[in-house]
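One file, target.txt, is given below (compact mmCIF, C-alpha atoms and all ligand atoms).
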```txt
# COMPACT_ATOMS: atom_id res chain seq x y z
CA MET A 124 80.57 100.55 56.00
CA ALA A 125 84.01 101.28 54.58
CA ARG A 126 86.81 99.32 56.27
CA ARG A 127 88.81 101.58 58.52
CA ARG A 128 92.53 101.62 58.16
CA GLN A 129 94.28 99.70 60.89
CA ILE A 130 97.20 101.63 62.33
CA TYR A 131 98.51 99.15 64.88
CA GLU A 132 97.59 95.84 66.49
CA GLY A 133 98.83 95.16 70.00
CA LYS A 134 98.28 92.26 72.37
CA ALA A 135 94.95 93.45 73.78
CA LYS A 136 93.92 96.32 71.53
CA ILE A 137 93.78 97.45 67.91
CA LEU A 138 94.13 101.06 66.80
CA TYR A 139 92.27 102.29 63.73
CA GLU A 140 92.39 105.61 61.96
CA GLY A 141 89.89 108.01 63.56
CA PRO A 142 87.16 110.07 61.89
CA GLU A 143 89.18 113.30 62.12
CA PRO A 144 92.89 114.08 61.88
CA GLY A 145 94.56 113.68 65.25
CA THR A 146 92.09 111.03 66.42
CA LEU A 147 92.21 107.23 66.57
CA ILE A 148 89.74 104.49 67.44
CA GLN A 149 90.91 102.13 70.16
CA TYR A 150 89.32 98.66 69.91
CA PHE A 151 89.48 96.35 72.95
CA LYS A 152 89.99 92.64 72.19
CA ASP A 153 89.27 89.63 74.39
CA ASP A 154 92.82 88.35 73.84
CA ALA A 155 94.97 88.01 76.92
CA THR A 156 98.71 87.53 77.09
CA ALA A 157 101.18 87.25 79.92
CA PHE A 158 104.90 86.76 80.49
CA ASN A 159 105.80 88.81 77.41
CA ALA A 160 103.21 86.94 75.29
CA GLN A 161 104.61 83.49 76.08
CA LYS A 162 101.19 82.66 77.51
CA LYS A 163 98.17 83.41 75.34
CA GLY A 164 94.44 83.00 75.82
CA THR A 165 91.04 84.62 75.63
CA ILE A 166 88.88 86.05 78.38
CA ASN A 167 85.31 86.23 77.08
CA GLY A 168 83.88 89.71 77.35
CA LYS A 169 87.14 91.24 78.63
CA GLY A 170 87.29 93.82 75.83
CA VAL A 171 83.79 95.09 76.63
CA LEU A 172 84.56 95.35 80.34
CA ASN A 173 87.97 96.99 79.89
CA ASN A 174 86.48 99.52 77.47
CA ARG A 175 83.88 100.50 80.10
CA ILE A 176 86.26 100.43 83.06
CA SER A 177 88.93 102.44 81.27
CA GLU A 178 86.35 104.95 80.02
CA HIS A 179 85.10 105.43 83.57
CA ILE A 180 88.56 105.89 85.08
CA PHE A 181 89.87 108.20 82.34
CA THR A 182 86.71 110.31 82.60
CA LEU A 183 87.14 110.68 86.37
CA LEU A 184 90.84 111.49 85.96
CA GLY A 185 89.90 114.14 83.41
CA LEU A 186 87.54 115.67 85.96
CA ILE A 187 90.37 116.06 88.48
CA GLY A 188 92.58 117.71 85.87
CA VAL A 189 94.70 114.83 84.60
CA PRO A 190 95.07 115.28 80.83
CA THR A 191 94.22 112.05 78.96
CA HIS A 192 93.85 110.81 75.40
CA PHE A 193 90.25 109.71 75.99
CA ILE A 194 87.57 111.57 73.99
CA ARG A 195 84.48 109.34 74.22
CA ARG A 196 83.32 105.75 74.09
CA LEU A 197 81.83 104.85 70.71
CA ASN A 198 80.34 101.43 71.38
CA MET A 199 80.85 98.25 73.40
CA ARG A 200 84.43 97.71 72.30
CA GLU A 201 85.63 101.01 70.90
CA GLN A 202 86.57 104.42 72.12
CA LEU A 203 87.64 107.56 70.32
CA ILE A 204 91.01 108.83 71.50
CA ARG A 205 93.51 111.54 70.65
CA GLN A 206 96.46 110.41 68.61
CA VAL A 207 99.66 110.81 70.58
CA GLU A 208 103.31 110.05 70.11
CA ILE A 209 103.78 107.27 72.67
CA VAL A 210 106.66 107.76 75.10
CA PRO A 211 108.44 104.36 74.93
CA ILE A 212 108.36 103.87 78.68
CA GLU A 213 106.05 101.81 80.90
CA VAL A 214 105.49 103.44 84.26
CA MET A 215 104.84 101.02 87.11
CA VAL A 216 103.37 102.39 90.32
CA ARG A 217 103.49 100.15 93.39
CA ASN A 218 101.81 100.43 96.77
CA VAL A 219 102.08 96.81 97.90
CA ALA A 220 104.79 94.26 97.05
CA ALA A 221 103.77 91.78 94.31
CA GLY A 222 104.88 90.32 90.99
CA THR A 223 108.39 91.07 89.80
CA LEU A 224 109.16 93.37 92.73
CA SER A 225 108.56 90.52 95.18
CA LYS A 226 110.63 88.15 93.03
CA ARG A 227 113.53 90.51 92.47
CA LEU A 228 113.85 91.73 96.03
CA GLY A 229 112.52 88.75 97.97
CA ILE A 230 109.74 90.77 99.60
CA GLU A 231 106.69 88.73 100.47
CA GLU A 232 103.65 89.42 98.27
CA GLY A 233 101.15 91.57 100.08
CA THR A 234 103.70 93.52 102.13
CA GLN A 235 102.63 97.17 102.31
CA LEU A 236 105.48 99.28 100.92
CA PRO A 237 106.83 102.06 103.17
CA ARG A 238 106.19 104.51 100.34
CA THR A 239 104.88 104.40 96.80
CA ILE A 240 107.54 103.18 94.38
CA ILE A 241 107.65 104.19 90.73
CA GLU A 242 109.61 102.04 88.30
CA TYR A 243 110.24 102.41 84.58
CA ALA A 244 110.57 99.80 81.83
CA TYR A 245 111.64 100.35 78.24
CA LYS A 246 108.77 99.40 75.90
CA SER A 247 110.28 96.71 73.72
CA ASP A 248 108.67 93.31 73.17
CA GLU A 249 111.89 91.91 71.69
CA LEU A 250 113.81 92.82 74.83
CA GLY A 251 110.99 91.84 77.20
CA ASP A 252 110.39 95.38 78.53
CA PRO A 253 113.64 95.69 80.54
CA MET A 254 113.65 97.77 83.69
CA ILE A 255 115.45 101.11 83.32
CA THR A 256 116.21 104.21 85.39
CA ASP A 257 115.97 107.96 84.72
CA GLU A 258 119.62 107.74 83.66
CA HIS A 259 118.82 105.50 80.68
CA ILE A 260 115.82 107.64 79.74
CA ALA A 261 117.97 110.80 79.72
CA ALA A 262 120.99 109.18 78.06
CA PHE A 263 118.99 107.69 75.19
CA GLY A 264 116.63 110.67 74.87
CA TRP A 265 113.40 108.69 75.33
CA ALA A 266 111.91 111.62 77.26
CA SER A 267 113.21 114.99 78.45
CA GLN A 268 113.84 115.82 82.12
CA GLU A 269 110.80 118.08 82.04
CA GLU A 270 108.63 115.35 80.57
CA MET A 271 109.85 112.86 83.19
CA HIS A 272 108.99 115.37 85.88
CA ASP A 273 105.44 115.66 84.48
CA ILE A 274 105.15 111.87 84.14
CA ALA A 275 106.22 111.20 87.75
CA ASP A 276 103.94 113.95 89.02
CA LEU A 277 100.95 112.63 87.06
CA ALA A 278 101.68 109.04 88.15
CA ILE A 279 101.52 110.06 91.83
CA ARG A 280 98.32 112.07 91.34
CA ILE A 281 96.71 109.17 89.46
CA ASN A 282 97.80 106.74 92.17
CA ASP A 283 96.39 108.89 94.99
CA PHE A 284 93.09 109.24 93.19
CA LEU A 285 92.81 105.56 92.23
CA CYS A 286 93.77 104.29 95.70
CA GLY A 287 90.82 106.27 97.10
CA LEU A 288 88.45 105.27 94.31
CA PHE A 289 89.20 101.57 94.75
CA ALA A 290 89.31 101.67 98.57
CA GLY A 291 85.78 103.09 98.41
CA ILE A 292 84.60 99.91 96.69
CA GLY A 293 86.55 97.49 98.89
CA ILE A 294 89.53 97.01 96.58
CA ARG A 295 93.23 97.42 97.36
CA LEU A 296 95.22 98.95 94.50
CA VAL A 297 98.41 96.89 94.76
CA ASP A 298 100.18 98.16 91.63
CA PHE A 299 99.49 99.24 88.07
CA LYS A 300 101.11 100.27 84.81
CA LEU A 301 100.65 103.55 82.95
CA GLU A 302 101.67 104.77 79.52
CA PHE A 303 101.98 108.37 78.45
CA GLY A 304 102.01 110.16 75.12
CA ARG A 305 103.02 113.52 73.70
CA ILE A 306 100.75 115.84 71.81
CA TRP A 307 102.26 118.69 69.87
CA ASP A 308 100.94 122.24 70.18
CA ASN A 309 103.04 124.26 67.74
CA ASP A 310 106.52 123.21 68.81
CA TYR A 311 105.61 122.37 72.37
CA GLY A 312 105.07 118.73 73.34
CA ARG A 313 102.66 118.15 76.21
CA ILE A 314 102.46 114.89 78.18
CA ILE A 315 99.06 113.22 78.50
CA LEU A 316 97.90 109.87 79.87
CA ALA A 317 97.36 107.26 77.12
CA ASP A 318 96.64 103.53 76.71
CA GLU A 319 94.14 102.14 79.26
CA ILE A 320 93.57 101.56 82.95
CA SER A 321 91.79 98.26 83.54
CA PRO A 322 92.23 94.97 85.43
CA ASP A 323 94.62 93.97 82.59
CA CYS A 324 97.25 96.38 83.86
CA CYS A 325 96.47 96.72 87.57
CA ARG A 326 96.67 94.39 90.53
CA LEU A 327 93.39 94.71 92.39
CA TRP A 328 92.78 92.70 95.57
CA ASP A 329 89.59 92.51 97.59
CA ILE A 330 90.40 94.46 100.77
CA LYS A 331 88.88 91.86 103.11
CA THR A 332 89.70 88.53 101.44
CA ASN A 333 92.73 89.46 99.26
CA GLU A 334 90.97 87.72 96.37
CA LYS A 335 92.61 88.73 93.09
CA LEU A 336 90.31 90.69 90.76
CA ASP A 337 92.77 91.22 87.90
CA LYS A 338 94.92 89.58 85.22
CA ASP A 339 96.86 87.58 87.80
CA ARG A 340 93.90 85.14 87.65
CA PHE A 341 94.97 84.46 84.05
CA ARG A 342 98.75 84.61 84.70
CA ARG A 343 98.44 82.08 87.52
CA ASP A 344 95.70 79.86 86.05
CA LEU A 345 93.31 80.68 88.87
CA GLY A 346 90.22 80.70 86.60
CA GLY A 347 87.24 83.04 86.93
CA GLU A 348 88.92 85.87 84.99
CA ALA A 349 85.74 87.17 83.32
CA GLU A 350 83.87 87.08 86.64
CA ALA A 351 86.67 89.01 88.38
CA TYR A 352 86.70 91.75 85.71
CA GLN A 353 82.92 91.86 85.90
CA GLU A 354 83.08 92.24 89.68
CA VAL A 355 85.37 95.27 89.33
CA ALA A 356 82.96 96.83 86.80
CA ARG A 357 80.00 96.02 89.05
CA ARG A 358 81.61 97.62 92.12
CA LEU A 359 82.46 100.71 90.06
CA GLY A 360 78.72 100.97 89.37
CA LEU A 361 79.12 100.24 85.66
CA LEU A 362 76.90 97.17 85.65
CA PRO A 363 73.68 97.89 87.52
CA GLU A 364 72.59 94.90 89.62
CA GLY A 365 71.44 92.03 87.44
CA GLU A 366 72.60 93.69 84.25
CA ASP A 367 76.11 92.26 84.11
CA SER A 368 75.29 89.14 82.16
CA ALA A 369 72.86 91.12 79.98
CA VAL A 370 75.71 93.32 78.73
CA LEU A 371 77.71 90.34 77.66
CA ASP A 372 74.70 88.48 76.23
CA LEU A 373 73.95 91.42 73.99
CA GLU A 374 77.52 91.28 72.72
CA GLN A 375 77.20 87.57 72.03
CA HIS A 376 73.94 88.23 70.20
CA ARG A 377 75.67 90.81 67.98
CA ARG A 378 78.54 88.44 67.28
CA ASP A 379 76.14 85.63 66.39
CA ARG A 380 74.18 87.94 64.10
CA GLY A 381 77.37 89.02 62.35
CA LYS A 382 78.43 85.44 61.63
P1 LIG A 401 105.22 93.68 87.50
O1 LIG A 401 105.10 93.06 88.85
O2 LIG A 401 106.42 94.53 87.23
O3 LIG A 401 105.24 92.58 86.36
P2 LIG A 401 104.34 91.29 86.17
O4 LIG A 401 102.97 91.79 85.92
O5 LIG A 401 104.98 90.67 84.95
O6 LIG A 401 104.48 90.47 87.41
O7 LIG A 401 103.91 94.53 87.19
C1 LIG A 401 103.52 95.63 87.95
C2 LIG A 401 102.15 96.06 87.48
O8 LIG A 401 102.22 96.59 86.18
C3 LIG A 401 101.13 94.93 87.42
O9 LIG A 401 99.88 95.43 87.85
C4 LIG A 401 101.05 94.54 85.99
C5 LIG A 401 101.40 95.83 85.28
N1 LIG A 401 102.16 95.59 84.04
C6 LIG A 401 101.50 95.60 82.82
O10 LIG A 401 100.28 95.81 82.75
N2 LIG A 401 102.22 95.38 81.67
C7 LIG A 401 103.55 95.15 81.68
O11 LIG A 401 104.16 94.98 80.59
C8 LIG A 401 104.24 95.14 82.94
C9 LIG A 401 105.71 94.88 83.02
C10 LIG A 401 103.49 95.37 84.09
```
As a first step, turn the structure in this file into structure tokens.
Ligand code: TYD
Amino acid sequence: MARRRQIYEGKAKILYEGPEPGTLIQYFKDDATAFNAQKKGTINGKGVLNNRISEHIFTLLGLIGVPTHFIRRLNMREQLIRQVEIVPIEVMVRNVAAGTLSKRLGIEEGTQLPRTIIEYAYKSDELGDPMITDEHIAAFGWASQEEMHDIADLAIRINDFLCGLFAGIGIRLVDFKLEFGRIWDNDYGRIILADEISPDCCRLWDIKTNEKLDKDRFRRDLGGEAEAYQEVARRLGLLPEGEDSAVLDLEQHRRDRGK
């Protein structure tokens, strides 16, 4: 098979040229990074699980009318997506205090917030994704007022939907990060959800035990990362009972064969 042209390699994913203009292939790696890539590692099978989990969530969001870049999953690690112009802003949605919010404001982790809080960070690895406000976004022209209105509106809709989805499987959606892109229709840019939604970019706690089922296991050296991601996939019904290890074994088999 002809080598596809690589467009971009990020910390957890690679983007390749897609089969048709306006499409890309998003490949999910097992690489994990934290603290602005100061900590690096691998979580075996993570790419396979995140591909499935993100496919599932983006498909459901599409069904409730949230526009997304997802077209279809191609195989264990790849999905076909629409090419977008990425808005250089990370959108953090928080329901429960954790992570940098707890640190910055001295609010104990696990405290239910009085209302959902949306925060923005400027996407820049060199600067360590600094936190910004609407004022910076408007002043530097990273997104228009109308686009920011759409982004905030979509973030709240996605949060409401995901809180319910995860509560239904015994998981508390503490916080998560979203990225959006623009697609151009004639001269009109429309905002759609891009990137991924997976345990890499969400905090997911078991409702009863508060056990962490997300990347914090890696950030905090808690161990059991692959098992936690697998548990999220299992509860979402993506790994029928007893099939979880089979999915990953098959992947291993393919890797071994390709060696
Ligand atoms: P936050 O508490 O701001 O940062 P950190 O994860 O470094 O403690 O993160 C809020 C949520 O957003 C959390 O679920 C992790 C996610 N997130 C990312 O996925 N990538 C990022 O670059 C940032 C800053 C956050």
For ligand LIG 401 (chain A), return the neighbouring residues as a ChimeraX atom specification (distance at most 8 Å; all atoms listed in the file). /A:157-159,213-217,221-225,244,246,252,297-301,323-327,338-339
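Pairwise distance (atom CA of Gly229 of chain A, atom CA of Met271 of chain A) equals 28.4 Å.
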Between atom CA of Ile314 of chain A and atom CA of His259 of chain A, what is the distance, to one decimal in Å?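 Pair atom CA of Ile314 of chain A / atom CA of His259 of chain A returns 19.0 Å.
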Within 12 Å of Glu178 of chain A using only C-alpha atoms, minus same-chain residues under 6 positions, as a ChimeraX atom specification: /A:149,151,170-172,184-185,191-204,317-321,356,359,361
When you draw a straight line from atom CA of Ile306 of chain A to atom CA of Gln206 of chain A, how long is it in Å?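 That distance, rounded to one decimal, is 7.6 Å.
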From A:Asp273, A:Leu186, A:Ala266, A:Asp153, residue lying nearest Thr165 of chain A [all atoms listed in the file]: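 Among the listed residues, A:Asp153 lies closest to Thr165 of chain A.
For the residues A:Glu302, A:Ala160, A:Leu345, A:Glu350, ranking by smallest atom-to-atom distance to Glu249 of chain A using only C-alpha atoms places A:Ala160 first.
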At a cut-off of 10 Å, using only C-alpha atoms, what residues contact Arg128 of chain A? Leave out same-chain residues fewer than 4 positions from it and give the result as a list in words. Leu138, Tyr139, Glu140 and Gly141 of chain A
Might I get the box with edges along x, y and z of the file that holds all atoms of segment 247-257 of chain A listed there, padded by 3 Å on every side, given as centre and edge lengths in Å to one decimal, as AutoDock Vina command-line options?
```
--center_x 112.4 --center_y 99.9 --center_z 78.5 --size_x 13.5 --size_y 22.1 --size_z 19.7
```
Which residues are close to Phe284 of chain A, i.e. within 12 Å by all atoms listed in the file, leaving aside same-chain residues fewer than 2 positions away? Reply as a list in words.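 After dropping sequence-adjacent residues, the list is Ile180, Phe181, Leu183, Leu184, Gly185, Leu186, Ile187, Gly188, Val189, Leu277, Ala278, Ile279, Arg280, Ile281, Asn282, Cys286, Gly287, Leu288, Phe289, Ala290, Gly291 and Leu296 of chain A.
Proximity to Arg175 of chain A was assessed for A:Ala275, A:Ile137, A:Ile212, A:Val355 counting all atoms listed in the file; the smallest distance is recorded for A:Val355.
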